Amino acid sequence: MTGPLRRAALVLGALACAGAASAAWWPFGEPSDGKIRPAAALAAAGRWSDVVESLAPQFMQTLRGTDLRSAYVLRGEALERLGRPDEALGDYQVGIGLYPKSVLLLTRGANLLHREGLDEHAREFFARILALEPKNADAHLGLAEIERRLGFLDRSAAHYQAALQTLKTRADLWRDYAEVLLAQNQQWPADLALRKALELEPRDADAHVLLAFARRAQGDYNEALLQLDVAAGLGAGVGTLRAKALWLLEAGKLPEARAAAERVLRSSPADGAALWVRARARLAAGDLSGAEADLSAAEAAEDGGFSARAAKALRAALVELKARREAALYQK
Amino acid sequence: MTRLAALALALLAAPALAAPDLSADALLQDHLWREVRTAPADGRPKVGLVLSAGSLRGVAHVGVIKVLEQAGFPIDVVAGTSMGAVVGSFYAGGIGVDQMWKIASSLHIDSGNDLSSRHLISLVLFDRLLSSENTEKTIREKLHGLRFDQAPKPFACVAMDIYTGEAIIFRDGEIAPAVRASMNLPGIFQPLEYRHRFLVDGGVVDYIPIDAAHLLGAEWVLASVTENDFTTVRPKSVLDALEQVIDIRGSYLSREQRKQADFLIEPPVGDIGMFEQNRIPEALDKGVIAAAKRVAAAEESLIEASLPRLVEAWTAAGTRR
């Protein structure tokens with residue numbers, strides 16, 4: 001064999017060995033000995049501890065091809081189900097190292113990272129999936145959520161659009177997409193997306209709530225309040241009544257706002273938003289001490305959340321205003 | 001196996017987003033934020049956006065502005081120093097955020113700065129300071145020769161007079177030469193002779209120009225700060241060292257200025273060097289991420305500052321009724 005030919009043969013041999021070692025390339029498909037079937041049956045039966053036990057490292061070493069790749073998927077899933085995400089991630093990472101083009105392993109790893117809040121790393125994994133499969137809906141969906149969480153609303157909307165090309169019938173995705181559009185102040189496209197969501201799932205209370213937000217953003221309070229009522233009728237809970245009280249206040253309908261707030265207060269006497277609405281209504285009626293009493297009650301909330309802090313700030317502003325007015329009267 | 005894979009994917013797919021937040025806190029904050037945004041100009045404090053110096057790191061300001069715009073933040077006046085002056089002038093001059101993002105993404109170190117290799121060699125070998133004339137040309141071109149009094153939002157920027165050490169706040173005349181002066185890095189560019197003064201980068205004396213925003217009437221100031229983390233960066237060249245010295249000085253100065261801001265957003269871009277233009281996309285992204293994390297708190301801060309005026313309007317409405 002001549003020099004160049006020998007070198008070529010050596011290179012080919014090395015490539016074949018590397019391919020075999022990484023189990024990523026087989027000319028006639030990956031081999032399977034069917035050894036994974038018992039573990040798959042255990043997983044199908046939801047016996048996750050048994051799955052982990054059956055896929056012990058010693059056993060994993062005897063697997064190859066499809067079986068080995070599936071073993072990493074099954075073990076990772078079982079560990080996730082058992083509340084051991086760190087170990088699951090370790091398995092996915094080893095699997096991805098061996099099968100870098102496995103969309104399944106990459107998806108599982110990316111979703112786990114995303115759920116654990118490690119979005120920057122999850123983003124890398126999802127991007128790798130899209131490099132392999134540009135139309136992969138799960139990757140687009142994962143990226144849509146991550147970009148949104150990080151603050152990139154335009155990128156998030158673009159990924160939702162791509163995911164919806166495939167997952168057209170997912171009402172919840174149309175709703176999430178609409179929420180991103182609303183956050184970008186794109187009320188009209190949001191409205192259209194919500195209509196699509198409601199076509200698919202007419203009894204989706206959350207979609208009605210979002211539609212109410214979209215209408216309010218357009219200044220259409222009548223329709224917004226109507227949508228809140230529809231959502232309440234579908235079991236959206238006290239939150240819709242709370243929103244109604246606040247939005248009636250915005251619309252300048254103080255008696256109705258106060259009535260809605262009092263309905264909330266009947267079931268939750270310490271509700272910070274409802275107390276705020278009643279305080280505002282009392283303030284507008286000239287009942288300063290009544291307003292202060294409501295604000296004091298809101299301020300006393302144990303969680304010390306936004307409502308409590310806002311009530312404290314408003315009460316301080318009221319005290320200051322009263323003092324200023326008294327001083328002005330005294331000067332006269 | 002395909003069925004198994006499909007089942008696994010379905011079971012462990014990324015979680016869908018949560019339902020709309022209708023908690024008392026979320027709804028009340030949303031309501032009050034709307035009250036602040038829609039209040040008449042005298043119904044809330046005048047809001048100033050201050051953009052710090054920071055060379056290339058300052059492109060992160062664009063990311064910050066993007067998030068503030070999305071949140072509907074009412075920005076009344078803008079002030080900036082050095083790169084903050086460039087970004088601020090574009091924003092106050094009416095250039096949209098998407099356009100600013102594009103401009104920042106295509107920024108080259110030598111594209112408006114005369115910082116080509118040939119000129120840098122001339123600087124090092126012949127001790128000849130470079131001209132920042134191209135900066136002025138670029139800004140003039142982007143802003144179409146806009147003057148301060150023509151800007152959609154009132155704007156100010158800061159430079160330093162190299163003979164007196166004074167901070168010079170520009171609020172009138174054409175914007176382009178003032179911005180050029182504000183980012184006229186000493187030791188690299190010739191001092192700019194403008195209005196009988198010899199001007200260099202304002203970052204040396206006014207790194208976070210809160211005073212300039214106050215001069216424009218700002219009563220509540222949000223500052224975006226892109227400081228150098230000089231404890232982790234080791235200068236690799238003469239220019240790096242020079243910038244580091246300016247940044248260290250700016251950092252000491254900014255300690256007091258930080259306290260004057262009502263709210264701070266600090267994109268973590270401290271390790272991005274003056275000439276690392278390949279990291280511009282990263283800086284832009286970091287601006288968005290940092291601002292997105294803090295925007296709700298910024299809203300709360302402005303709501304709180306606005307309450308004394310809002311309450312006057314609410315009680316006055318009650319009296320009228």
# chains A, B, ... in the order shown; residues from 1 in each chain; ligands from 1
>>> closest_atom_pairs(of="chain A", to="chain B", cutoff="8 Å", atoms="only C-alpha atoms", output="JSON lines")
{"residue": "A:Ala40", "atom": "CA", "partner": "B:Leu4", "partner_atom": "CA", "distance": 7.8}
{"residue": "A:Ser70", "atom": "CA", "partner": "B:Met1", "partner_atom": "CA", "distance": 8.0}
{"residue": "A:Glu77", "atom": "CA", "partner": "B:Ala8", "partner_atom": "CA", "distance": 7.6}
{"residue": "A:Leu104", "atom": "CA", "partner": "B:Ala5", "partner_atom": "CA", "distance": 7.2}
{"residue": "A:Thr107", "atom": "CA", "partner": "B:Leu9", "partner_atom": "CA", "distance": 7.9}
{"residue": "A:Arg108", "atom": "CA", "partner": "B:Leu12", "partner_atom": "CA", "distance": 7.2}
{"residue": "A:Asn111", "atom": "CA", "partner": "B:Ala14", "partner_atom": "CA", "distance": 5.1}
{"residue": "A:Leu112", "atom": "CA", "partner": "B:Ala14", "partner_atom": "CA", "distance": 7.9}
{"residue": "A:His114", "atom": "CA", "partner": "B:Ala14", "partner_atom": "CA", "distance": 7.3}
{"residue": "A:Arg115", "atom": "CA", "partner": "B:Ala14", "partner_atom": "CA", "distance": 7.2}
{"residue": "A:Asp138", "atom": "CA", "partner": "B:Ala13", "partner_atom": "CA", "distance": 7.3}
{"residue": "A:Leu141", "atom": "CA", "partner": "B:Ala14", "partner_atom": "CA", "distance": 7.7}
{"residue": "A:Gly142", "atom": "CA", "partner": "B:Ala14", "partner_atom": "CA", "distance": 6.0}
{"residue": "A:Glu145", "atom": "CA", "partner": "B:Leu17", "partner_atom": "CA", "distance": 7.4}
{"residue": "A:Leu150", "atom": "CA", "partner": "B:Ile289", "partner_atom": "CA", "distance": 5.3}
{"residue": "A:Gly151", "atom": "CA", "partner": "B:Ala292", "partner_atom": "CA", "distance": 5.1}
{"residue": "A:Phe152", "atom": "CA", "partner": "B:Val288", "partner_atom": "CA", "distance": 7.1}
{"residue": "A:Asp172", "atom": "CA", "partner": "B:Ala16", "partner_atom": "CA", "distance": 7.6}
{"residue": "A:Leu173", "atom": "CA", "partner": "B:Ala16", "partner_atom": "CA", "distance": 7.8}
{"residue": "A:Asp176", "atom": "CA", "partner": "B:Leu17", "partner_atom": "CA", "distance": 6.6}
{"residue": "A:Ala183", "atom": "CA", "partner": "B:Gln70", "partner_atom": "CA", "distance": 7.0}
{"residue": "A:Gln184", "atom": "CA", "partner": "B:Gln70", "partner_atom": "CA", "distance": 5.6}
{"residue": "A:Asn185", "atom": "CA", "partner": "B:Gln70", "partner_atom": "CA", "distance": 7.2}
{"residue": "A:Asp206", "atom": "CA", "partner": "B:Ala19", "partner_atom": "CA", "distance": 6.1}
{"residue": "A:Val209", "atom": "CA", "partner": "B:Pro20", "partner_atom": "CA", "distance": 7.4}
{"residue": "A:Leu210", "atom": "CA", "partner": "B:Pro20", "partner_atom": "CA", "distance": 7.2}
{"residue": "A:Gly239", "atom": "CA", "partner": "B:Leu22", "partner_atom": "CA", "distance": 4.8}
{"residue": "A:Thr240", "atom": "CA", "partner": "B:Leu22", "partner_atom": "CA", "distance": 6.9}
{"residue": "A:Arg242", "atom": "CA", "partner": "B:Ala24", "partner_atom": "CA", "distance": 7.2}
{"residue": "A:Ala243", "atom": "CA", "partner": "B:Leu27", "partner_atom": "CA", "distance": 6.5}
{"residue": "A:Leu246", "atom": "CA", "partner": "B:His31", "partner_atom": "CA", "distance": 6.8}
{"residue": "A:Trp247", "atom": "CA", "partner": "B:His31", "partner_atom": "CA", "distance": 7.7}
{"residue": "A:Glu250", "atom": "CA", "partner": "B:His31", "partner_atom": "CA", "distance": 7.9}
{"residue": "A:Asp271", "atom": "CA", "partner": "B:Ala24", "partner_atom": "CA", "distance": 6.6}
{"residue": "A:Gly272", "atom": "CA", "partner": "B:Ala24", "partner_atom": "CA", "distance": 5.9}
{"residue": "A:Ala273", "atom": "CA", "partner": "B:Ala24", "partner_atom": "CA", "distance": 4.9}
{"residue": "A:Ala274", "atom": "CA", "partner": "B:Ala24", "partner_atom": "CA", "distance": 7.8}
{"residue": "A:Arg280", "atom": "CA", "partner": "B:Trp314", "partner_atom": "CA", "distance": 7.6}
{"residue": "A:Leu283", "atom": "CA", "partner": "B:Thr315", "partner_atom": "CA", "distance": 6.0}
{"residue": "A:Ala284", "atom": "CA", "partner": "B:Gly318", "partner_atom": "CA", "distance": 3.7}
{"residue": "A:Ala285", "atom": "CA", "partner": "B:Gly318", "partner_atom": "CA", "distance": 5.4}
{"residue": "A:Gly286", "atom": "CA", "partner": "B:Gly318", "partner_atom": "CA", "distance": 6.1}
{"residue": "A:Gly305", "atom": "CA", "partner": "B:Asp25", "partner_atom": "CA", "distance": 6.6}
{"residue": "A:Phe306", "atom": "CA", "partner": "B:Asp25", "partner_atom": "CA", "distance": 5.2}
{"residue": "A:Ser307", "atom": "CA", "partner": "B:Asp25", "partner_atom": "CA", "distance": 5.2}
{"residue": "A:Ala310", "atom": "CA", "partner": "B:Glu304", "partner_atom": "CA", "distance": 6.9}
{"residue": "A:Ala313", "atom": "CA", "partner": "B:Glu304", "partner_atom": "CA", "distance": 6.3}
{"residue": "A:Leu314", "atom": "CA", "partner": "B:Leu307", "partner_atom": "CA", "distance": 6.2}
{"residue": "A:Ala317", "atom": "CA", "partner": "B:Pro308", "partner_atom": "CA", "distance": 4.9}
{"residue": "A:Leu318", "atom": "CA", "partner": "B:Val311", "partner_atom": "CA", "distance": 7.0}
{"residue": "A:Leu321", "atom": "CA", "partner": "B:Glu312", "partner_atom": "CA", "distance": 7.5}
>>> residues_around(residues="Ala144 in chain A", least_positions_apart="4", cutoff="6 Å", atoms="only C-alpha atoms", output="CSV table (one decimal) with N, CA and C atoms, in the first residue's frame")
chain,number,residue,atom,x,y,z
A,140,HIS,N,-38.9,25.4,20.2
A,140,HIS,CA,-39.4,26.8,20.0
A,140,HIS,C,-40.2,27.2,21.2
A,156,SER,N,-39.4,36.1,22.1
A,156,SER,CA,-40.3,35.1,22.6
A,156,SER,C,-41.5,35.0,21.7
A,159,HIS,N,-40.7,32.9,18.7
A,159,HIS,CA,-40.6,31.5,18.9
A,159,HIS,C,-42.1,30.9,19.1
A,160,TYR,N,-42.9,31.7,19.8
A,160,TYR,CA,-44.3,31.2,19.9
A,160,TYR,C,-44.9,31.0,18.5
>>> select_by_dssp(residues="range 57-306 of chain B", states="helix (DSSP H, G or I)", output="PyMOL selection string")
chain B and resi 57-70+83-92+97-105+117-126+133-143+148-150+175-182+202-204+210-215+238-260+277-306
>>> residues_around(residues="Gly203 in chain B", least_positions_apart="6", cutoff="12 Å", atoms="only C-alpha atoms", output="JSON, numbers by chain")
{"B": [51, 52, 53, 54, 55, 58, 80, 81, 82, 83, 84, 85, 157, 158, 159, 160, 161, 165, 166, 167, 168, 181, 182, 183, 184, 185, 186, 209, 225, 226, 227, 228, 243, 244, 245, 246, 247, 248, 249, 250, 251, 252, 253, 254]}
>>> residues_around(residues="range 231-236 of chain B", least_positions_apart="5", cutoff="9 Å", atoms="only C-alpha atoms", output="list in words")
Ala241, Leu242, Glu243, Gln244, Gly270, Asp271, Ile272 and Gly273 of chain B
>>> residues_around(residues="Ala207 in chain A", least_positions_apart="2", cutoff="12 Å", atoms="only C-alpha atoms", output="PyMOL selection string")
(chain A and resi 171-179+190-205+209-214+227-228+230-232+234+236) or (chain B and resi 18-20)
>>> residues_around(residues="Ile280 in chain B", least_positions_apart="6", cutoff="12 Å", atoms="only C-alpha atoms", output="ChimeraX atom specification")
/B:55-63,101-109,269,272-274,286-287
>>> atom_distance(atom1="CA of Pro267 in chain B", atom2="CA of Ala156 in chain B")
22.3 Å
>>> atom_distance(atom1="CA of Ile188 in chain B", atom2="CA of Ser132 in chain B")
9.1 Å
>>> select_by_dssp(residues="range 49-290 of chain B", states="strand (DSSP E)", output="PDB file with C-alpha atoms, in the first residue's frame")
ATOM      1  CA  LEU B  49     -33.206  58.609  32.626  1.00  0.00           C
ATOM      2  CA  VAL B  50     -29.479  58.831  33.287  1.00  0.00           C
ATOM      3  CA  LEU B  51     -27.034  56.774  31.246  1.00  0.00           C
ATOM      4  CA  VAL B  77     -35.745  63.839  30.259  1.00  0.00           C
ATOM      5  CA  VAL B  78     -32.485  62.079  29.369  1.00  0.00           C
ATOM      6  CA  ALA B  79     -28.894  62.726  30.404  1.00  0.00           C
ATOM      7  CA  GLY B  80     -25.743  60.823  29.521  1.00  0.00           C
ATOM      8  CA  THR B  81     -21.991  60.823  29.600  1.00  0.00           C
ATOM      9  CA  PHE B 155     -31.440  65.946  26.718  1.00  0.00           C
ATOM     10  CA  ALA B 156     -28.136  66.906  28.310  1.00  0.00           C
ATOM     11  CA  CYS B 157     -24.647  65.456  28.150  1.00  0.00           C
ATOM     12  CA  VAL B 158     -21.428  66.092  30.011  1.00  0.00           C
ATOM     13  CA  ALA B 159     -17.819  66.702  28.973  1.00  0.00           C
ATOM     14  CA  MET B 160     -14.792  67.931  30.911  1.00  0.00           C
ATOM     15  CA  ASP B 161     -12.737  71.037  30.213  1.00  0.00           C
ATOM     16  CA  ALA B 167     -17.745  69.359  34.197  1.00  0.00           C
ATOM     17  CA  ILE B 168     -19.485  71.094  31.311  1.00  0.00           C
ATOM     18  CA  ILE B 169     -23.140  70.226  30.883  1.00  0.00           C
ATOM     19  CA  PHE B 170     -24.432  70.784  27.352  1.00  0.00           C
ATOM     20  CA  LEU B 192     -12.041  69.097  21.229  1.00  0.00           C
ATOM     21  CA  GLU B 193     -11.947  72.859  20.950  1.00  0.00           C
ATOM     22  CA  TYR B 194     -15.584  73.894  21.194  1.00  0.00           C
ATOM     23  CA  ARG B 197     -13.079  75.242  25.776  1.00  0.00           C
ATOM     24  CA  PHE B 198     -10.868  72.187  25.319  1.00  0.00           C
ATOM     25  CA  LEU B 199     -13.087  69.238  25.983  1.00  0.00           C
ATOM     26  CA  VAL B 200     -12.524  65.576  26.794  1.00  0.00           C
ATOM     27  CA  ASP B 201     -14.683  62.649  27.915  1.00  0.00           C
ATOM     28  CA  TRP B 220     -37.134  61.097  40.060  1.00  0.00           C
ATOM     29  CA  VAL B 221     -34.081  59.573  38.421  1.00  0.00           C
ATOM     30  CA  LEU B 222     -33.463  56.088  37.103  1.00  0.00           C
ATOM     31  CA  ALA B 223     -29.794  55.514  36.346  1.00  0.00           C
ATOM     32  CA  SER B 224     -28.420  52.784  34.130  1.00  0.00           C
ATOM     33  CA  PHE B 263     -33.322  53.768  41.186  1.00  0.00           C
ATOM     34  CA  LEU B 264     -30.347  51.921  39.721  1.00  0.00           C
ATOM     35  CA  ILE B 265     -30.136  49.302  37.015  1.00  0.00           C
TER      36      ILE B 265
END
>>> atom_distance(atom1="CA of Arg84 in chain A", atom2="CA of Phe126 in chain A")
21.9 Å
>>> closest_residue(among="B:Asp262, B:Glu282, B:Glu133, B:Asp172", to="Ile210 in chain B", atoms="only C-alpha atoms")
B:Asp262
